[in-house]
Amino acid sequence: MSQGAPLLTLSAIDKSFDIHRVLEGVSFDLAKGEVHALLGENGAGKSTLMNILIGVYSADAGSLTLEGLPLIIGKPSDSARHGIGMVHQHFRLVDRLTPTENLLLAADDHPHLKTRTAARNALLATAREVGFTLNPDCPVGELSVAEKQRAEICKVLALGARILILDEPTAVLTDAEASSMLGAIRRMAESGRSIILITHKLREVVGFSHRVTIMRRGKTVAAGLDTTQLSIEKIASLMMGSSASSVAPSSTPDTTTSSLQPRGPDLLAIAHLHAQRDDGAPALTDVSLRVRAGEILGLAGVGGNGQHELVETLNGIRSASAGSVMIDGADALEFPPNQRRQLGLRVIPADRMATALASDLTIAANLSLTAVVRGRFGRFWLNRRRMEREAKASIEQHDIAGARPHGRMGLLSGGNAQKVLLAREIDSGMKLLLAHSPTRGLDIRASAAVHQRLREAVAQGAACLLVSEDVEEIMALSDRICVISAGKITGELPGDASAADIGRLILGHE
Amino acid sequence: MSNFRLTLERRQQVSTLRSAATYILGLLVGLGCGVLVLLAAGAPASTLMDDLVVQVFFSARGLAQTLTLAVPLIMVGLAALAAMRLRFWNVGIEGQLWLGAIGATLVANNDFGSEALRLPIMLIASALAGAIWIAVPLLLKLKANVNELVVTLLLSNVAYLLLQHLLFGAWKDPVNSFPVSPRFDDNEQLASLGFGNLHSGIYLALAITLLMAVLVQKSRTGFYIDVIGHNRRTALATGIPVTATLTLMILLSGALAGLAGGLIVTGVEHRLTQTIGINTTFSGIVIAFVARFNPLAILPTAIALAGIYNAGSTLKVFYGIPDAIVVLIQGIVLLTLLMVQFFRSYRVSLLRRTPPQTARQIT
């Protein structure tokens with residue numbers, strides 16, 4: 001698709017933060033009217049590169065050119081003036097305002113959008129052009145994630161973006177929503193805009209982009225390859241380096257190891273569970289589930305259908321309004337988290353930094369947190385030396401890169417932070433593991449390691465309830481699959497069910 | 001467009017040396033600004049060093065007075081630390097202190113207990129009264145999620161009105177024209193150490209500081225405090241006894257503030273007056289911050305601040321400099337210390353812009 005001179009070129013970009021070199025001579029070019037996928041593992045430098053392009057960071061060395069002329073971007077408004085816009089994973093929208101008002105708020109440099117009617121019309125015109133339906137008058141807080149995303153994209157386009165950076169646009173969407181979004185992305189490109197698509201999903205790259213640039217550890221390992229010449233396996237091997245495709249998701253081993261295990265007794269039995277959201281609306285209505293020893297039960301569904309509340313209710317930090325929860329045969333409904341843990345419950349929550357770890361404390365403290373509660377390091381006085389010794393051993397055993405017992409938890413990358421959490425939770429007392437989106441935000445290699453830990457855990461006789469919005473993850477790991485929609489279990493499928501069957505159940509009750 | 005630009009980078013790791021150096025620098029800058037304020041208010045430059053340092057720390061009388069002032073400051077510093085480590089904003093330390101003083105006086109006025117045990121009972125009563133006073137905001141926080149800032153602050157006013165109500169009414173000393181309670185008996189006073197006004201309460205303050213250091217740094221509860229203070233949701237989800245830890249530490253905070261009041265009336269005033277403990281909420285918070293919430297560091301911090309207070313009264317008598325100046329200096333030191341935290345965590349550098357070959361102006 002690249003015809004003639006590129007529209008935008010970034011060449012030989014260097015960037016360091018303190019002592020860490022994040023980008024080293026990275027180059028990237030974008031042609032008019034193309035979808036250019038930018039790939040790389042977590043920490044490869046994609047976000048830093050894009051943040052330099054939109055003016056959040058400035059490069060230490062290197063140059064940017066737009067239409068052949070040097071481009072100087074000192075602050076985010078400079079990039080907006082040149083027609084470069086970015087849609088972040090966390091939308092830049094004010095929840096209490098409508099999409100129209102959000103556009104007005106952002107239209108400082110656009111006098112023609114300064115009235116409510118003008119902004120509303122611009123938004124609707126943009127939506128029509130890319131084929132979105134959009135309600136410009138409903139407060140953003142009441143929109144679904146997909147609607148918010150469409151509002152954000154329309155806002156950025158209405159502000160005159162001709163180069164659009166999309167950061168993992170499909171990460172929060174259902175499969176059906178994702179394909180409609182990818183279709184819209186193609187249409188935007190066909191209408192002459194240029195799209196930089198940051199994604200982890202290789203299937204989207206192969207199906208929807210014209211060219212691919214791959215980054216690894218702050219360098220470009222493949223620049224502007226034609227997508228039609230590439231296979232998923234080839235891309236995976238470029239992304240991961242030498243020991244490549246064996247860990248790519250398409251070739252991960254299936255669930256044979258765990259399905260050989262004999263199924264044991266119910267370690268988790270939930271019956272007729274009801275719970276409410278923070279605002280009092282029902283979150284769970286009549287949820288019943290059983291998870292037996294030696295199996296992974298995958299709970300699929302679009303985010304926001306009660307998964308968060310289910311995990312919190314099972315953890316013991318949200319009270320159920322009715323129903324029963326039995327953990328390893330004991331009625332745990334009234335139990336606080338501590339007593340549930342004594343029954344063998346372990347939890348990997350979706351937002352690990354917010355509800356499972358303390359980023360300002362040391363890694364040793366985070367690794368030994370639950371053991372301290374159990375009294376392992378002393379009833380009144382803590383044996384800190386022993387804590388450190390065991391933390392050191394744990395770091396070595398689980399190969400947590402860059403971790404020292406005294407180091408601050410918050411400095412670890414997402415994948416290593418998850419390793420810390422898994423090392424802590426998967427211990428000898430574990431009987432039931434509750435894992436919610438355990439690979440969210442992790443790269444392929446780290447995800448594969450997490451999946452491996454989950455398989456090993458059930459192979460040793462634990463039960464695992466895997467709550468995930470990623471159907472591929474559910475399919476790769478589950479022995480049985482349940483689907484949750486609007487707070488209800490809408491069906492159960494065997495572990496080898498097809499994506500289409502699961503998708504039908506997920507969408508059937510919407 | 002200028003040829004230079006400022007950049008800001010977060011330091012990945014901060015060495016202990018850098019940490020200490022920035023802290024000391026901040027302290028010096030803050031004290032320096034404080035001196036400028038004093039000069040501007042009319043203190044003579046020639047004797048300032050003598051008034052501020054020599055007289056309050058290196059003369060026997062001055063040091064005795066400084067240490068006497070430091071006793072309640074140590075207690076309120078620990079009280080602020082106990083609550084703030086859990087991110088509980090106790091801005092009613094004054095109120096708990098007044099209640100503590102009232103509690104001790106109640107015991108003395110009514111001669112509760114045997115004469116030999118009177119003094120310990122008074123001190124226990126002061127701690128209990130302080131704890132009861134903070135139990136109200138604590139309960140409201142735990143049961144109804146009411147913001148403790150508002151409740152502790154307002155209850156201080158209630159406590160002060162209660163204090164005045166007693167001093168102008170039921171507890172007024174009939175032989176005195178001032179609103180003060182009758183003088184305590186000798187067995188209701190802390191022993192004087194024969195060094196100025198310094199009394200045996202300083203031993204109690206030292207012992208409690210040590211106990212607090214052990215609690216915060218060595219105990220299991222101390223570990224819980226760290227986790228709850230840094231991430232409450234994690235603490236809840238991992239089964240840490242959040243409510244129990246919070247209840248213990250907040251009641252302790254109130255008790256320490258109450259005990260500060262008890263130590264003032266039994267050690268220095270020997271009666272209840274309406275001038276005790278003014279501004280101690282602010283002092284306690286400043287001390288806890290400057291000591292970086294480390295119990296052992298509370299000691300030197302409180303003594304240094306007591307020195308400033310001591311010098312303040314000299315300056316007031318000789319040069320007519322108002323009390324408020326001392327509060328102002330405290331505030332300046334707190335602000336500079338908070339600001340240097342920024343330079344500790346971030347690197348600020350001025351870079352020359354790499355001149356592009358043909359700079360295109362933004363259209």
# chains A, B, ... in the order shown; residues from 1 in each chain; ligands from 1
call {"tool": "residues_around", "arguments": {"residues": "region 15-24 of chain B", "least_positions_apart": "5", "cutoff": "7 Å", "atoms": "only C-alpha atoms", "output": "PyMOL selection string"}}
result
chain B and resi 337+340+344
call {"tool": "write_last_selection", "arguments": {"atoms": "C-alpha atoms", "output": "PDB file, in the first residue's frame"}}
result
ATOM      1  CA  LEU B 337      10.837  19.220  53.017  1.00  0.00           C
ATOM      2  CA  VAL B 340      12.660  18.363  48.082  1.00  0.00           C
ATOM      3  CA  ARG B 344      14.691  13.244  45.279  1.00  0.00           C
TER       4      ARG B 344
END
call {"tool": "closest_atom_pairs", "arguments": {"of": "chain B", "to": "chain A", "cutoff": "6 Å", "atoms": "only C-alpha atoms", "output": "tab-separated table"}}
result
residue	atom	partner	partner_atom	distance
B:Arg11	CA	A:Asp18	CA	5.9
B:Lys218	CA	A:Trp381	CA	5.7
B:Ser219	CA	A:Trp381	CA	4.2
B:Arg220	CA	A:Phe380	CA	5.4
B:Asn231	CA	A:Ala358	CA	5.6
B:Arg233	CA	A:Thr355	CA	5.2
B:Thr234	CA	A:Thr355	CA	4.2
B:Gly239	CA	A:Asn338	CA	4.0
call {"tool": "write_last_selection", "arguments": {"atoms": "C-alpha atoms", "output": "mmCIF file, in the first residue's frame"}}
result
data_model
loop_
_atom_site.group_PDB
_atom_site.id
_atom_site.type_symbol
_atom_site.label_atom_id
_atom_site.label_comp_id
_atom_site.auth_asym_id
_atom_site.auth_seq_id
_atom_site.Cartn_x
_atom_site.Cartn_y
_atom_site.Cartn_z
ATOM 1 C CA ARG B 11 14.709 8.275 38.913
ATOM 2 C CA LYS B 218 9.574 -5.191 64.242
ATOM 3 C CA SER B 219 6.085 -6.458 64.899
ATOM 4 C CA ARG B 220 3.540 -8.227 62.757
ATOM 5 C CA ASN B 231 -2.862 -0.279 49.663
ATOM 6 C CA ARG B 233 -7.759 -2.954 49.032
ATOM 7 C CA THR B 234 -4.853 -5.366 48.865
ATOM 8 C CA GLY B 239 -7.064 -11.227 54.719
#
call {"tool": "residues_around", "arguments": {"residues": "region 212-221 of chain A", "least_positions_apart": "3", "cutoff": "6 Å", "atoms": "only C-alpha atoms", "output": "PyMOL selection string"}}
result
chain A and resi 22-24+26+36-40+44-45+224-225
call {"tool": "write_last_selection", "arguments": {"atoms": "N, CA and C atoms", "output": "short mmCIF file (atom, residue, chain, number, x, y, z; two decimals), in the first residue's frame"}}
result
data_model
loop_
_atom_site.label_atom_id
_atom_site.label_comp_id
_atom_site.auth_asym_id
_atom_site.auth_seq_id
_atom_site.Cartn_x
_atom_site.Cartn_y
_atom_site.Cartn_z
N VAL A 22 15.57 2.91 26.43
CA VAL A 22 14.29 2.33 26.05
C VAL A 22 14.17 2.20 24.53
N LEU A 23 14.69 3.18 23.83
CA LEU A 23 14.67 3.11 22.36
C LEU A 23 16.08 3.33 21.84
N GLU A 24 16.45 2.53 20.84
CA GLU A 24 17.80 2.61 20.33
C GLU A 24 17.74 2.61 18.81
N VAL A 26 15.48 3.58 16.64
CA VAL A 26 14.25 3.02 16.08
C VAL A 26 13.77 3.86 14.90
N HIS A 36 -0.94 0.36 9.49
CA HIS A 36 0.41 -0.13 9.76
C HIS A 36 0.42 -0.70 11.18
N ALA A 37 0.59 -2.01 11.28
CA ALA A 37 0.58 -2.63 12.61
C ALA A 37 1.94 -2.47 13.27
N LEU A 38 1.92 -2.08 14.56
CA LEU A 38 3.15 -1.95 15.33
C LEU A 38 3.10 -3.03 16.40
N LEU A 39 4.06 -3.95 16.32
CA LEU A 39 4.03 -5.11 17.20
C LEU A 39 5.24 -5.15 18.11
N GLY A 40 5.10 -5.85 19.18
CA GLY A 40 6.23 -6.05 20.08
C GLY A 40 5.72 -6.53 21.42
N ALA A 44 8.73 -3.51 24.80
CA ALA A 44 9.57 -3.44 23.61
C ALA A 44 9.81 -1.99 23.19
N GLY A 45 8.98 -1.07 23.69
CA GLY A 45 9.18 0.34 23.37
C GLY A 45 8.12 0.96 22.48
N GLY A 224 8.32 -2.19 8.35
CA GLY A 224 7.47 -2.03 7.19
C GLY A 224 7.36 -3.24 6.29
N LEU A 225 7.24 -4.45 6.87
CA LEU A 225 7.08 -5.65 6.04
C LEU A 225 5.67 -5.70 5.47
#
call {"tool": "select_by_dssp", "arguments": {"residues": "region 198-396 of chain A", "states": "helix (DSSP H, G or I)", "output": "short mmCIF file (atom, residue, chain, number, x, y, z; two decimals) with N, CA and C atoms, in the first residue's frame"}}
result
data_model
loop_
_atom_site.label_atom_id
_atom_site.label_comp_id
_atom_site.auth_asym_id
_atom_site.auth_seq_id
_atom_site.Cartn_x
_atom_site.Cartn_y
_atom_site.Cartn_z
N LEU A 202 -2.16 -11.37 16.94
CA LEU A 202 -1.51 -11.55 15.64
C LEU A 202 -2.53 -11.75 14.52
N ARG A 203 -3.67 -12.34 14.88
CA ARG A 203 -4.69 -12.59 13.87
C ARG A 203 -5.18 -11.28 13.24
N GLU A 204 -5.28 -10.24 14.07
CA GLU A 204 -5.71 -8.93 13.57
C GLU A 204 -4.67 -8.35 12.63
N VAL A 205 -3.42 -8.61 12.96
CA VAL A 205 -2.34 -8.08 12.14
C VAL A 205 -2.43 -8.66 10.75
N VAL A 206 -2.56 -9.99 10.70
CA VAL A 206 -2.55 -10.67 9.41
C VAL A 206 -3.81 -10.31 8.62
N GLY A 207 -4.94 -10.19 9.33
CA GLY A 207 -6.19 -9.96 8.60
C GLY A 207 -6.43 -8.52 8.21
N PHE A 208 -5.88 -7.59 8.95
CA PHE A 208 -6.37 -6.22 8.75
C PHE A 208 -5.31 -5.17 8.48
N THR A 227 2.31 -7.24 4.86
CA THR A 227 1.61 -8.25 5.64
C THR A 227 1.24 -9.48 4.81
N THR A 228 0.93 -9.28 3.54
CA THR A 228 0.49 -10.41 2.74
C THR A 228 1.56 -11.48 2.61
N GLN A 229 2.83 -11.09 2.84
CA GLN A 229 3.92 -12.05 2.72
C GLN A 229 4.18 -12.81 4.03
N ILE A 232 1.30 -15.96 10.67
CA ILE A 232 1.31 -15.73 12.11
C ILE A 232 2.59 -16.27 12.74
N GLU A 233 3.02 -17.46 12.27
CA GLU A 233 4.21 -18.08 12.84
C GLU A 233 5.44 -17.21 12.60
N LYS A 234 5.53 -16.68 11.39
CA LYS A 234 6.68 -15.85 11.04
C LYS A 234 6.73 -14.60 11.92
N ILE A 235 5.55 -13.98 12.10
CA ILE A 235 5.50 -12.76 12.92
C ILE A 235 5.89 -13.09 14.36
N ALA A 236 5.34 -14.20 14.87
CA ALA A 236 5.64 -14.57 16.25
C ALA A 236 7.13 -14.78 16.43
N SER A 237 7.77 -15.43 15.45
CA SER A 237 9.20 -15.69 15.62
C SER A 237 10.00 -14.39 15.55
N LEU A 238 9.56 -13.43 14.74
CA LEU A 238 10.25 -12.14 14.69
C LEU A 238 10.10 -11.39 16.01
N MET A 239 8.89 -11.48 16.58
CA MET A 239 8.63 -10.76 17.82
C MET A 239 9.43 -11.29 18.98
N MET A 240 9.54 -12.63 19.04
CA MET A 240 10.08 -13.23 20.24
C MET A 240 11.57 -13.54 20.12
N SER A 245 8.40 -19.68 17.93
CA SER A 245 6.99 -19.98 17.72
C SER A 245 6.44 -21.04 18.67
N SER A 246 7.31 -21.72 19.43
CA SER A 246 6.80 -22.74 20.32
C SER A 246 5.90 -22.16 21.40
N VAL A 247 6.06 -20.86 21.68
CA VAL A 247 5.22 -20.28 22.71
C VAL A 247 4.11 -19.39 22.15
N PRO A 249 0.55 -18.36 20.78
CA PRO A 249 -0.70 -18.91 21.28
C PRO A 249 -1.30 -19.97 20.35
N SER A 250 -1.10 -19.81 19.03
CA SER A 250 -1.72 -20.75 18.12
C SER A 250 -1.12 -22.14 18.25
N SER A 251 0.09 -22.23 18.81
CA SER A 251 0.72 -23.54 18.88
C SER A 251 0.91 -24.01 20.32
N THR A 256 -4.48 -31.47 27.14
CA THR A 256 -4.37 -32.91 27.39
C THR A 256 -3.77 -33.24 28.75
N THR A 257 -2.76 -32.46 29.17
CA THR A 257 -2.12 -32.79 30.45
C THR A 257 -3.13 -32.80 31.58
N SER A 258 -3.98 -31.75 31.62
CA SER A 258 -4.90 -31.70 32.75
C SER A 258 -6.12 -32.60 32.54
N SER A 259 -6.48 -32.85 31.28
CA SER A 259 -7.67 -33.67 31.08
C SER A 259 -7.38 -35.14 31.40
N GLN A 307 -18.43 -10.38 36.21
CA GLN A 307 -17.21 -11.11 36.55
C GLN A 307 -16.49 -10.49 37.73
N HIS A 308 -16.35 -9.16 37.67
CA HIS A 308 -15.64 -8.44 38.73
C HIS A 308 -16.32 -8.70 40.08
N GLU A 309 -17.63 -8.60 40.10
CA GLU A 309 -18.38 -8.80 41.35
C GLU A 309 -18.30 -10.24 41.81
N LEU A 310 -18.32 -11.18 40.85
CA LEU A 310 -18.20 -12.60 41.23
C LEU A 310 -16.87 -12.86 41.92
N VAL A 311 -15.80 -12.34 41.33
CA VAL A 311 -14.47 -12.56 41.90
C VAL A 311 -14.39 -11.93 43.29
N GLU A 312 -14.92 -10.71 43.42
CA GLU A 312 -14.87 -10.06 44.73
C GLU A 312 -15.71 -10.80 45.77
N THR A 313 -16.88 -11.29 45.33
CA THR A 313 -17.73 -12.03 46.26
C THR A 313 -17.05 -13.30 46.72
N LEU A 314 -16.41 -14.01 45.78
CA LEU A 314 -15.73 -15.24 46.16
C LEU A 314 -14.51 -14.95 47.04
N ASN A 315 -13.85 -13.83 46.78
CA ASN A 315 -12.69 -13.44 47.58
C ASN A 315 -13.11 -13.09 49.00
N PRO A 337 -12.03 -12.82 54.06
CA PRO A 337 -10.98 -13.34 53.16
C PRO A 337 -10.01 -14.28 53.87
N ASN A 338 -9.64 -13.92 55.09
CA ASN A 338 -8.64 -14.70 55.80
C ASN A 338 -9.08 -16.15 56.00
N GLN A 339 -10.35 -16.35 56.42
CA GLN A 339 -10.82 -17.71 56.66
C GLN A 339 -10.99 -18.47 55.34
N ARG A 340 -11.37 -17.75 54.29
CA ARG A 340 -11.48 -18.42 52.99
C ARG A 340 -10.11 -18.90 52.52
N ARG A 341 -9.10 -18.09 52.80
CA ARG A 341 -7.75 -18.51 52.42
C ARG A 341 -7.35 -19.74 53.20
N GLN A 342 -7.78 -19.82 54.46
CA GLN A 342 -7.45 -21.00 55.26
C GLN A 342 -8.07 -22.26 54.67
N ARG A 352 -4.04 -6.55 39.46
CA ARG A 352 -3.18 -7.09 40.52
C ARG A 352 -2.56 -6.00 41.39
N MET A 353 -2.18 -4.87 40.78
CA MET A 353 -1.53 -3.83 41.57
C MET A 353 -2.51 -3.18 42.55
N ALA A 354 -3.78 -3.18 42.21
CA ALA A 354 -4.75 -2.51 43.07
C ALA A 354 -5.29 -3.41 44.16
N THR A 355 -5.41 -4.73 43.90
CA THR A 355 -6.09 -5.55 44.89
C THR A 355 -5.28 -6.76 45.36
N ILE A 363 9.58 -6.07 47.34
CA ILE A 363 9.18 -7.33 46.72
C ILE A 363 9.09 -8.41 47.78
N ALA A 364 10.01 -8.40 48.74
CA ALA A 364 9.97 -9.39 49.82
C ALA A 364 8.66 -9.28 50.60
N ALA A 365 8.25 -8.06 50.89
CA ALA A 365 7.00 -7.87 51.64
C ALA A 365 5.82 -8.40 50.84
N ASN A 366 5.81 -8.15 49.53
CA ASN A 366 4.71 -8.63 48.71
C ASN A 366 4.69 -10.15 48.60
N LEU A 367 5.89 -10.75 48.51
CA LEU A 367 5.96 -12.20 48.41
C LEU A 367 5.50 -12.87 49.70
N SER A 368 5.75 -12.22 50.83
CA SER A 368 5.45 -12.90 52.09
C SER A 368 4.17 -12.39 52.75
N LEU A 369 3.44 -11.54 52.04
CA LEU A 369 2.26 -10.90 52.63
C LEU A 369 1.29 -11.90 53.27
N THR A 370 0.88 -12.89 52.49
CA THR A 370 -0.14 -13.80 53.02
C THR A 370 0.46 -14.75 54.06
N ALA A 371 1.76 -15.04 53.93
CA ALA A 371 2.40 -15.90 54.92
C ALA A 371 2.48 -15.18 56.27
N VAL A 372 2.68 -13.87 56.23
CA VAL A 372 2.70 -13.09 57.47
C VAL A 372 1.32 -13.18 58.14
N VAL A 373 0.27 -13.10 57.33
CA VAL A 373 -1.09 -13.19 57.88
C VAL A 373 -1.30 -14.55 58.54
N ARG A 374 -0.74 -15.59 57.91
CA ARG A 374 -0.88 -16.94 58.49
C ARG A 374 -0.02 -17.11 59.74
N ARG A 384 12.30 -10.80 60.05
CA ARG A 384 12.48 -10.17 58.72
C ARG A 384 13.60 -10.83 57.94
N ARG A 385 14.59 -11.33 58.65
CA ARG A 385 15.71 -11.95 57.94
C ARG A 385 15.24 -13.21 57.21
N ARG A 386 14.39 -13.97 57.90
CA ARG A 386 13.87 -15.18 57.27
C ARG A 386 12.97 -14.83 56.08
N MET A 387 12.20 -13.75 56.26
CA MET A 387 11.34 -13.29 55.17
C MET A 387 12.17 -13.00 53.93
N GLU A 388 13.28 -12.30 54.13
CA GLU A 388 14.13 -11.94 53.00
C GLU A 388 14.77 -13.15 52.36
N ARG A 389 15.21 -14.08 53.24
CA ARG A 389 15.85 -15.28 52.72
C ARG A 389 14.87 -16.05 51.83
N GLU A 390 13.66 -16.20 52.34
CA GLU A 390 12.67 -16.96 51.56
C GLU A 390 12.27 -16.22 50.29
N ALA A 391 12.22 -14.88 50.38
CA ALA A 391 11.90 -14.10 49.19
C ALA A 391 12.98 -14.30 48.13
N LYS A 392 14.23 -14.32 48.57
CA LYS A 392 15.34 -14.48 47.64
C LYS A 392 15.24 -15.85 46.95
N ALA A 393 14.96 -16.85 47.73
CA ALA A 393 14.82 -18.20 47.17
C ALA A 393 13.67 -18.23 46.17
N SER A 394 12.58 -17.59 46.52
CA SER A 394 11.40 -17.59 45.65
C SER A 394 11.68 -16.87 44.34
N ILE A 395 12.41 -15.77 44.43
CA ILE A 395 12.76 -15.01 43.22
C ILE A 395 13.60 -15.87 42.29
N GLU A 396 14.55 -16.62 42.89
CA GLU A 396 15.39 -17.48 42.05
C GLU A 396 14.59 -18.63 41.47
#
call {"tool": "atom_distance", "arguments": {"atom1": "CA of Asn197 (chain B)", "atom2": "CA of Ala70 (chain B)"}}
result
11.8 Å
call {"tool": "residues_around", "arguments": {"residues": "Asn90 (chain B)", "least_positions_apart": "2", "cutoff": "8 Å", "atoms": "only C-alpha atoms", "output": "list in words"}}
result
Ala80, Ala83, Met84, Phe88, Gly92, Ile93, Glu148, Leu149, Thr152 and Leu153 of chain B
call {"tool": "write_last_selection", "arguments": {"atoms": "N, CA and C atoms", "output": "PDB file, in the first residue's frame"}}
result
ATOM      1  N   ALA B  80       0.505  11.614  65.829  1.00  0.00           N
ATOM      2  CA  ALA B  80       0.288  11.879  64.403  1.00  0.00           C
ATOM      3  C   ALA B  80       0.823  10.716  63.576  1.00  0.00           C
ATOM      4  N   ALA B  83      -1.452   7.533  63.427  1.00  0.00           N
ATOM      5  CA  ALA B  83      -2.618   7.626  62.550  1.00  0.00           C
ATOM      6  C   ALA B  83      -2.211   7.768  61.096  1.00  0.00           C
ATOM      7  N   MET B  84      -1.180   8.591  60.844  1.00  0.00           N
ATOM      8  CA  MET B  84      -0.863   8.886  59.449  1.00  0.00           C
ATOM      9  C   MET B  84      -0.214   7.712  58.727  1.00  0.00           C
ATOM     10  N   PHE B  88      -4.829   7.722  58.037  1.00  0.00           N
ATOM     11  CA  PHE B  88      -5.984   8.226  58.766  1.00  0.00           C
ATOM     12  C   PHE B  88      -5.590   9.618  59.224  1.00  0.00           C
ATOM     13  N   GLY B  92      -7.230  16.233  64.875  1.00  0.00           N
ATOM     14  CA  GLY B  92      -7.848  16.649  66.122  1.00  0.00           C
ATOM     15  C   GLY B  92      -6.985  16.303  67.316  1.00  0.00           C
ATOM     16  N   ILE B  93      -5.660  16.336  67.108  1.00  0.00           N
ATOM     17  CA  ILE B  93      -4.744  15.989  68.199  1.00  0.00           C
ATOM     18  C   ILE B  93      -4.947  16.920  69.396  1.00  0.00           C
ATOM     19  N   GLU B 148     -12.799  11.366  58.325  1.00  0.00           N
ATOM     20  CA  GLU B 148     -12.274  11.622  59.657  1.00  0.00           C
ATOM     21  C   GLU B 148     -11.692  13.030  59.781  1.00  0.00           C
ATOM     22  N   LEU B 149     -11.287  13.622  58.642  1.00  0.00           N
ATOM     23  CA  LEU B 149     -10.726  14.977  58.683  1.00  0.00           C
ATOM     24  C   LEU B 149     -11.705  15.938  59.344  1.00  0.00           C
ATOM     25  N   THR B 152     -12.577  14.838  63.266  1.00  0.00           N
ATOM     26  CA  THR B 152     -11.529  15.097  64.261  1.00  0.00           C
ATOM     27  C   THR B 152     -11.322  16.604  64.423  1.00  0.00           C
ATOM     28  N   LEU B 153     -11.349  17.333  63.323  1.00  0.00           N
ATOM     29  CA  LEU B 153     -11.135  18.778  63.384  1.00  0.00           C
ATOM     30  C   LEU B 153     -12.219  19.450  64.222  1.00  0.00           C
TER      31      LEU B 153
END
call {"tool": "residues_around", "arguments": {"residues": "Arg92 (chain A)", "least_positions_apart": "2", "cutoff": "12 Å", "atoms": "only C-alpha atoms", "output": "NGL selection string"}}
result
:A and (85-90 or 94-95 or 97 or 99 or 102-103 or 105-106 or 140 or 148-149 or 151-153 or 155-156)
call {"tool": "atom_distance", "arguments": {"atom1": "CA of Gly261 (chain B)", "atom2": "CA of Phe57 (chain B)"}}
result
24.3 Å
call {"tool": "residues_around", "arguments": {"residues": "region 311-316 of chain B", "least_positions_apart": "6", "cutoff": "8 Å", "atoms": "only C-alpha atoms", "output": "list of chain:residue names"}}
result
B:Ala43, B:Asp51, B:Leu52, B:Gln55, B:Val56, B:Pro322, B:Asp323, B:Ile325, B:Val326
call {"tool": "write_last_selection", "arguments": {"atoms": "N, CA and C atoms", "output": "CSV table (one decimal), in the first residue's frame"}}
result
chain,number,residue,atom,x,y,z
B,43,ALA,N,13.8,40.7,64.2
B,43,ALA,CA,14.8,40.2,65.1
B,43,ALA,C,16.2,40.7,64.7
B,51,ASP,N,20.4,33.6,70.2
B,51,ASP,CA,19.0,33.4,70.6
B,51,ASP,C,18.5,32.0,70.2
B,52,LEU,N,18.8,31.7,68.9
B,52,LEU,CA,18.2,30.5,68.3
B,52,LEU,C,18.9,29.2,68.6
B,55,GLN,N,21.3,29.7,73.2
B,55,GLN,CA,20.5,29.9,74.4
B,55,GLN,C,19.6,28.7,74.6
B,56,VAL,N,19.1,28.1,73.5
B,56,VAL,CA,18.1,27.0,73.7
B,56,VAL,C,18.7,25.6,73.8
B,322,PRO,N,5.7,38.1,67.3
B,322,PRO,CA,4.5,37.3,67.7
B,322,PRO,C,4.8,35.8,67.6
B,323,ASP,N,4.0,35.0,68.4
B,323,ASP,CA,4.0,33.6,68.4
B,323,ASP,C,3.8,33.0,67.0
B,325,ILE,N,4.9,33.7,64.3
B,325,ILE,CA,6.1,33.5,63.5
B,325,ILE,C,6.7,32.1,63.6
B,326,VAL,N,6.6,31.5,64.9
B,326,VAL,CA,7.1,30.2,65.1
B,326,VAL,C,6.3,29.2,64.2
call {"tool": "decode", "arguments": {"residues": "region 371-389 of chain A", "atoms": "C-alpha atoms", "output": "short mmCIF file (atom, residue, chain, number, x, y, z; two decimals), in the first residue's frame"}}
result
data_model
loop_
_atom_site.label_atom_id
_atom_site.label_comp_id
_atom_site.auth_asym_id
_atom_site.auth_seq_id
_atom_site.Cartn_x
_atom_site.Cartn_y
_atom_site.Cartn_z
CA ALA A 371 2.40 -15.90 54.92
CA VAL A 372 2.70 -13.09 57.47
CA VAL A 373 -1.09 -13.19 57.88
CA ARG A 374 -0.88 -16.94 58.49
CA GLY A 375 1.74 -16.26 61.16
CA ARG A 376 4.58 -18.00 59.34
CA PHE A 377 7.18 -15.38 60.27
CA GLY A 378 6.12 -15.01 63.88
CA ARG A 379 3.06 -14.35 65.95
CA PHE A 380 4.02 -10.98 67.41
CA TRP A 381 7.48 -10.21 66.10
CA LEU A 382 8.43 -10.72 62.50
CA ASN A 383 11.56 -12.56 61.53
CA ARG A 384 12.48 -10.17 58.72
CA ARG A 385 15.71 -11.95 57.94
CA ARG A 386 13.87 -15.18 57.27
CA MET A 387 11.34 -13.29 55.17
CA GLU A 388 14.13 -11.94 53.00
CA ARG A 389 15.85 -15.28 52.72
#
